[in-house]
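Pasting my_file27.cif here (mmCIF, C-alpha atoms and all ligand atoms):
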```cif
data_upload
loop_
_atom_site.label_atom_id
_atom_site.label_comp_id
_atom_site.auth_asym_id
_atom_site.auth_seq_id
_atom_site.Cartn_x
_atom_site.Cartn_y
_atom_site.Cartn_z
CA MET A 28 161.38 0.67 291.91
CA SER A 29 160.91 3.32 289.29
CA PHE A 30 160.08 2.97 285.63
CA THR A 31 160.75 5.22 282.69
CA PHE A 32 160.59 4.36 279.03
CA THR A 33 163.94 4.44 277.24
CA ASP A 34 164.66 7.40 274.97
CA HIS A 35 164.23 5.08 271.99
CA ASN A 36 160.80 3.98 273.24
CA LEU A 37 159.79 7.56 274.04
CA GLN A 38 160.49 8.43 270.42
CA LYS A 39 158.36 5.47 269.30
CA ILE A 40 155.57 6.63 271.61
CA GLU A 41 155.59 10.09 270.03
CA GLN A 42 155.24 8.43 266.64
CA LEU A 43 152.46 6.13 267.89
CA LYS A 44 150.52 9.11 269.22
CA THR A 45 150.06 10.31 265.66
CA GLN A 46 148.52 6.98 264.63
CA TYR A 47 145.79 6.70 267.25
CA PRO A 48 142.72 8.93 267.57
CA LYS A 49 142.76 9.05 271.40
CA PRO A 50 145.60 8.74 273.91
CA GLN A 51 143.72 5.89 275.70
CA ALA A 52 144.02 3.78 272.55
CA LEU A 53 147.77 3.56 273.21
CA SER A 54 147.30 1.36 276.26
CA LEU A 55 147.92 -1.99 274.54
CA PRO A 56 150.99 -0.98 272.50
CA LEU A 57 152.49 0.71 275.56
CA LEU A 58 151.89 -2.33 277.75
CA TRP A 59 153.70 -4.44 275.15
CA MET A 60 156.50 -1.90 275.01
CA ALA A 61 156.90 -1.82 278.79
CA GLN A 62 156.95 -5.62 278.96
CA GLU A 63 159.55 -5.85 276.20
CA GLN A 64 161.68 -3.22 277.89
CA GLN A 65 161.55 -4.63 281.42
CA GLY A 66 160.51 -8.27 281.02
CA TYR A 67 157.30 -7.65 282.95
CA ILE A 68 154.96 -4.78 283.81
CA CYS A 69 155.48 -3.23 287.22
CA MET A 70 153.03 -0.86 288.90
CA GLU A 71 155.30 2.09 288.11
CA ALA A 72 155.08 1.20 284.42
CA ILE A 73 151.30 1.11 284.71
CA GLU A 74 151.38 4.60 286.24
CA ALA A 75 153.70 5.87 283.48
CA ILE A 76 151.43 4.41 280.80
CA ALA A 77 148.34 5.91 282.44
CA LYS A 78 149.97 9.32 282.36
CA ILE A 79 150.77 9.03 278.65
CA CYS A 80 147.27 7.68 277.94
CA GLU A 81 145.69 10.48 279.98
CA THR A 82 143.73 8.04 282.08
CA PHE A 83 143.76 6.44 285.53
CA PRO A 84 146.28 3.75 286.47
CA MET A 85 143.34 1.45 287.34
CA ASP A 86 142.18 1.60 283.71
CA ILE A 87 145.59 0.42 282.54
CA TYR A 88 145.76 -2.18 285.30
CA LYS A 89 142.41 -3.61 284.19
CA VAL A 90 143.70 -4.01 280.63
CA ALA A 91 146.97 -5.55 281.84
CA THR A 92 145.18 -8.09 284.02
CA PHE A 93 142.57 -8.98 281.39
CA TYR A 94 145.10 -10.33 278.88
CA THR A 95 147.13 -13.35 279.98
CA MET A 96 150.09 -12.37 277.80
CA PHE A 97 150.96 -9.51 280.14
CA GLN A 98 153.13 -10.42 283.10
CA LEU A 99 152.80 -8.36 286.26
CA GLU A 100 155.60 -10.23 288.07
CA PRO A 101 159.14 -10.98 286.93
CA ILE A 102 159.26 -14.26 285.01
CA GLY A 103 161.98 -16.59 283.80
CA LYS A 104 164.10 -15.98 280.73
CA TYR A 105 162.06 -18.67 278.95
CA HIS A 106 158.30 -18.46 279.43
CA ILE A 107 156.79 -21.85 278.66
CA GLN A 108 153.10 -21.58 277.88
CA VAL A 109 151.31 -24.89 277.50
CA CYS A 110 147.91 -24.83 275.82
CA LYS A 111 145.17 -26.14 278.10
CA THR A 112 142.24 -25.97 275.68
CA LEU A 113 140.20 -28.83 274.25
CA SER A 114 142.17 -29.97 271.18
CA CYS A 115 145.41 -30.05 273.14
CA LYS A 116 143.71 -31.72 276.09
CA LEU A 117 142.46 -34.46 273.78
CA CYS A 118 145.99 -34.94 272.42
CA ASN A 119 147.85 -35.75 275.64
CA GLN A 120 148.51 -32.22 276.86
CA LYS A 121 148.67 -33.61 280.40
CA GLN A 122 151.57 -35.84 279.42
CA ILE A 123 153.39 -32.85 277.95
CA LEU A 124 152.82 -30.83 281.10
CA ASN A 125 153.99 -33.69 283.32
CA THR A 126 157.16 -34.03 281.25
CA ILE A 127 157.98 -30.34 281.64
CA GLU A 128 157.24 -30.42 285.38
CA ASP A 129 159.43 -33.50 285.83
CA ILE A 130 162.37 -32.09 283.88
CA LEU A 131 162.31 -28.59 285.37
CA GLN A 132 161.04 -29.61 288.82
CA ILE A 133 158.47 -26.82 288.88
CA LYS A 134 154.67 -26.67 288.78
CA VAL A 135 152.40 -24.38 286.78
CA GLY A 136 152.83 -20.79 287.92
CA GLN A 137 156.37 -21.37 289.20
CA THR A 138 159.81 -20.28 288.03
CA THR A 139 162.96 -22.36 288.31
CA PRO A 140 165.38 -21.20 291.05
CA ASP A 141 167.89 -20.09 288.38
CA GLN A 142 165.17 -17.79 286.93
CA ASN A 143 165.49 -19.42 283.50
CA PHE A 144 162.07 -21.05 283.08
CA THR A 145 158.52 -20.07 284.04
CA LEU A 146 155.68 -22.50 283.39
CA SER A 147 152.13 -21.36 282.58
CA LEU A 148 148.94 -22.88 281.26
CA VAL A 149 147.21 -20.75 278.63
CA GLU A 150 144.10 -20.82 276.49
CA CYS A 151 144.16 -21.92 272.84
CA LEU A 152 147.32 -20.86 271.02
CA GLY A 153 145.54 -20.97 267.67
CA SER A 154 147.20 -24.10 266.38
CA CYS A 155 144.62 -26.74 267.29
CA GLY A 156 145.35 -28.80 264.17
CA THR A 157 148.88 -29.48 265.40
CA ALA A 158 148.01 -30.20 269.04
CA PRO A 159 149.45 -30.55 271.56
CA VAL A 160 151.14 -27.20 271.44
CA MET A 161 153.29 -24.97 273.63
CA GLN A 162 154.87 -21.59 273.13
CA ILE A 163 158.23 -20.59 274.58
CA ASN A 164 158.64 -16.83 274.39
CA ASP A 165 157.74 -16.08 270.75
CA THR A 166 158.29 -19.58 269.35
CA LEU A 167 155.45 -22.06 268.85
CA TYR A 168 156.18 -25.79 269.23
CA GLU A 169 153.66 -28.17 267.67
CA ASN A 170 152.83 -31.87 267.56
CA LEU A 171 154.61 -32.29 270.86
CA THR A 172 155.60 -35.61 272.36
CA PRO A 173 157.34 -36.19 275.69
CA GLN A 174 160.51 -36.90 273.67
CA SER A 175 160.35 -33.69 271.65
CA VAL A 176 159.62 -31.64 274.78
CA SER A 177 162.60 -33.22 276.48
CA SER A 178 164.84 -32.33 273.51
CA ILE A 179 163.59 -28.75 273.39
CA LEU A 180 164.20 -28.22 277.09
CA GLN A 181 167.62 -29.88 276.97
CA GLU A 182 168.60 -27.57 274.15
CA LEU A 183 167.46 -24.49 276.07
CA GLN A 184 169.16 -25.70 279.23
CA GLY A 185 172.32 -26.20 277.18
CA VAL A 186 172.14 -22.59 276.06
CA GLN A 187 172.33 -21.63 279.74
CA SER A 188 175.49 -23.59 280.60
S1 LIG A 201 143.44 -26.09 271.65
FE1 LIG A 201 145.60 -26.01 271.85
S2 LIG A 201 146.18 -24.74 270.19
FE2 LIG A 201 144.03 -24.70 270.11
#
```
Can you turn what I pasted into structure tokens?
Amino acid sequence: MSFTFTDHNLQKIEQLKTQYPKPQALSLPLLWMAQEQQGYICMEAIEAIAKICETFPMDIYKVATFYTMFQLEPIGKYHIQVCKTLSCKLCNQKQILNTIEDILQIKVGQTTPDQNFTLSLVECLGSCGTAPVMQINDTLYENLTPQSVSSILQELQGVQS
């Protein structure tokens, strides 16, 4: 597999270069850009980013593996991230997780066979006051109940058919 940024993204990168003092400082925005472009960050993307950032691929790899929001493997169209931190745990997070696993027939870390849903556990999503919480792609879902989770998933499954 090869990776190259799109012409549009290459233009954005040239603009970004003017906003950062050192090329290495571009690593985070370029990782985001690569993930948005491809859906995940492959090793070839890491090499391309390292070249632009004038650093070693291992430096970019370390950044990409430090942050849980970067995906180094292809994931489903809908990335379900269930908060596993204290407030959510105290508010029946386990029940929410079990509901998702039962409906989608996958466990944490797995993707449905149709490649539509990937399930992950993540640290605090910053909405502890409305626990339990999950995020699907860029949308946050709060005050979850097994019923609301079921409705959300049914709606997304309906979008697929
Ligand atoms: S503990 Fe779940 S959002 Fe903070």
Worksheet entry | Selection within 8 Å of ligand LIG 201 (chain A) by all atoms listed in the file, output as a PyMOL selection string | chain A and resi 110-116+150-161
Response to the item:
Nearest to Gln137 (chain A), restricted to only C-alpha atoms and choosing among A:Lys89, A:His35, A:His106, A:Lys44, comes out as A:His106
Discussion item. Need the shell around Leu58 (chain A): protein/DNA/RNA residues with any atom at most 9 Å away, counting only C-alpha atoms. Skip same-chain ones fewer than 5 positions apart. Format as a PyMOL selection string?
Written reply: chain A and resi 53+63+68+72-73+76+87+90-91+97
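Closest approach to Asn170 (chain A) among A:Asn36, A:Asn119, A:Gln42, A:Asn143: A:Asn119, based on all atoms listed in the file.
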Worksheet item: Could you state the separation of CA of Tyr168 (chain A) and CA of Val109 (chain A) in Å, given to one decimal place?
Response: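 Going from CA of Tyr168 (chain A) over to CA of Val109 (chain A) covers 9.6 Å.
Each of A:Gln38, A:Ser147, A:Thr172, A:Gln184 was checked against Cys118 (chain A) using only C-alpha atoms; the smallest atom-to-atom distance is that of A:Thr172.
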Item to complete: Find the residue from A:Ala52, A:Val186, A:Leu171, A:Ile163 that sits nearest to Ile79 (chain A); use only C-alpha atoms when measuring.
Response: A:Ala52
Worksheet item: Which residue out of A:Glu81, A:Leu117, A:Glu169, A:Phe32 has the minimum interatomic distance to Trp59 (chain A) when all atoms listed in the file are used?
Response: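 Smallest separation from Trp59 (chain A) among the options: A:Phe32.
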Since the input is missing atoms for region 148-172 of chain A, could you rebuild it with N, CA, C and O atoms and give the result as a tab-separated table (two decimals), keeping the file's coordinate frame?
```
chain	number	residue	atom	x	y	z
A	148	LEU	N	149.97	-22.29	282.10
A	148	LEU	CA	148.94	-22.88	281.26
A	148	LEU	C	148.18	-21.74	280.62
A	148	LEU	O	147.85	-20.76	281.31
A	149	VAL	N	147.91	-21.84	279.33
A	149	VAL	CA	147.21	-20.75	278.63
A	149	VAL	C	146.07	-21.31	277.79
A	149	VAL	O	146.02	-22.50	277.51
A	150	GLU	N	145.19	-20.42	277.38
A	150	GLU	CA	144.10	-20.82	276.49
A	150	GLU	C	144.66	-21.06	275.09
A	150	GLU	O	145.83	-20.78	274.82
A	151	CYS	N	143.80	-21.52	274.20
A	151	CYS	CA	144.16	-21.92	272.84
A	151	CYS	C	145.21	-21.00	272.20
A	151	CYS	O	145.06	-19.78	272.18
A	152	LEU	N	146.25	-21.62	271.67
A	152	LEU	CA	147.32	-20.86	271.02
A	152	LEU	C	147.08	-20.74	269.51
A	152	LEU	O	147.96	-20.31	268.77
A	153	GLY	N	145.91	-21.16	269.07
A	153	GLY	CA	145.54	-20.97	267.67
A	153	GLY	C	146.17	-21.97	266.72
A	153	GLY	O	146.26	-21.70	265.52
A	154	SER	N	146.60	-23.09	267.25
A	154	SER	CA	147.20	-24.10	266.38
A	154	SER	C	146.63	-25.48	266.73
A	154	SER	O	147.35	-26.45	266.86
A	155	CYS	N	145.31	-25.52	266.83
A	155	CYS	CA	144.62	-26.74	267.29
A	155	CYS	C	144.90	-27.95	266.39
A	155	CYS	O	144.93	-29.07	266.86
A	156	GLY	N	145.11	-27.70	265.10
A	156	GLY	CA	145.35	-28.80	264.17
A	156	GLY	C	146.68	-29.49	264.37
A	156	GLY	O	146.92	-30.56	263.83
A	157	THR	N	147.56	-28.88	265.15
A	157	THR	CA	148.88	-29.48	265.40
A	157	THR	C	149.07	-29.71	266.91
A	157	THR	O	150.18	-29.67	267.41
A	158	ALA	N	147.96	-29.95	267.59
A	158	ALA	CA	148.01	-30.20	269.04
A	158	ALA	C	148.76	-31.51	269.34
A	158	ALA	O	148.75	-32.41	268.50
A	159	PRO	N	149.37	-31.57	270.51
A	159	PRO	CA	149.45	-30.55	271.56
A	159	PRO	C	150.56	-29.53	271.28
A	159	PRO	O	151.55	-29.83	270.63
A	160	VAL	N	150.33	-28.35	271.80
A	160	VAL	CA	151.14	-27.20	271.44
A	160	VAL	C	151.63	-26.47	272.69
A	160	VAL	O	150.93	-26.42	273.70
A	161	MET	N	152.83	-25.90	272.60
A	161	MET	CA	153.29	-24.97	273.63
A	161	MET	C	154.03	-23.84	272.94
A	161	MET	O	154.48	-23.96	271.80
A	162	GLN	N	154.12	-22.74	273.65
A	162	GLN	CA	154.87	-21.59	273.13
A	162	GLN	C	155.93	-21.24	274.15
A	162	GLN	O	155.65	-21.16	275.35
A	163	ILE	N	157.16	-21.05	273.68
A	163	ILE	CA	158.23	-20.59	274.58
A	163	ILE	C	158.69	-19.24	274.05
A	163	ILE	O	159.19	-19.15	272.92
A	164	ASN	N	158.47	-18.22	274.84
A	164	ASN	CA	158.64	-16.83	274.39
A	164	ASN	C	157.86	-16.64	273.10
A	164	ASN	O	156.66	-16.82	273.12
A	165	ASP	N	158.51	-16.33	271.98
A	165	ASP	CA	157.74	-16.08	270.75
A	165	ASP	C	157.70	-17.28	269.80
A	165	ASP	O	157.22	-17.17	268.68
A	166	THR	N	158.21	-18.41	270.24
A	166	THR	CA	158.29	-19.58	269.35
A	166	THR	C	157.22	-20.61	269.70
A	166	THR	O	157.08	-20.99	270.87
A	167	LEU	N	156.50	-21.05	268.67
A	167	LEU	CA	155.45	-22.06	268.85
A	167	LEU	C	156.04	-23.44	268.56
A	167	LEU	O	156.73	-23.62	267.56
A	168	TYR	N	155.74	-24.41	269.42
A	168	TYR	CA	156.18	-25.79	269.23
A	168	TYR	C	154.93	-26.66	269.10
A	168	TYR	O	154.07	-26.64	269.97
A	169	GLU	N	154.87	-27.42	267.99
A	169	GLU	CA	153.66	-28.17	267.67
A	169	GLU	C	153.90	-29.67	267.66
A	169	GLU	O	155.04	-30.12	267.65
A	170	ASN	N	152.78	-30.41	267.61
A	170	ASN	CA	152.83	-31.87	267.56
A	170	ASN	C	153.78	-32.43	268.62
A	170	ASN	O	154.61	-33.30	268.34
A	171	LEU	N	153.66	-31.93	269.82
A	171	LEU	CA	154.61	-32.29	270.86
A	171	LEU	C	154.45	-33.73	271.32
A	171	LEU	O	153.34	-34.27	271.35
A	172	THR	N	155.57	-34.31	271.69
A	172	THR	CA	155.60	-35.61	272.36
A	172	THR	C	156.49	-35.42	273.58
A	172	THR	O	157.27	-34.44	273.63
```
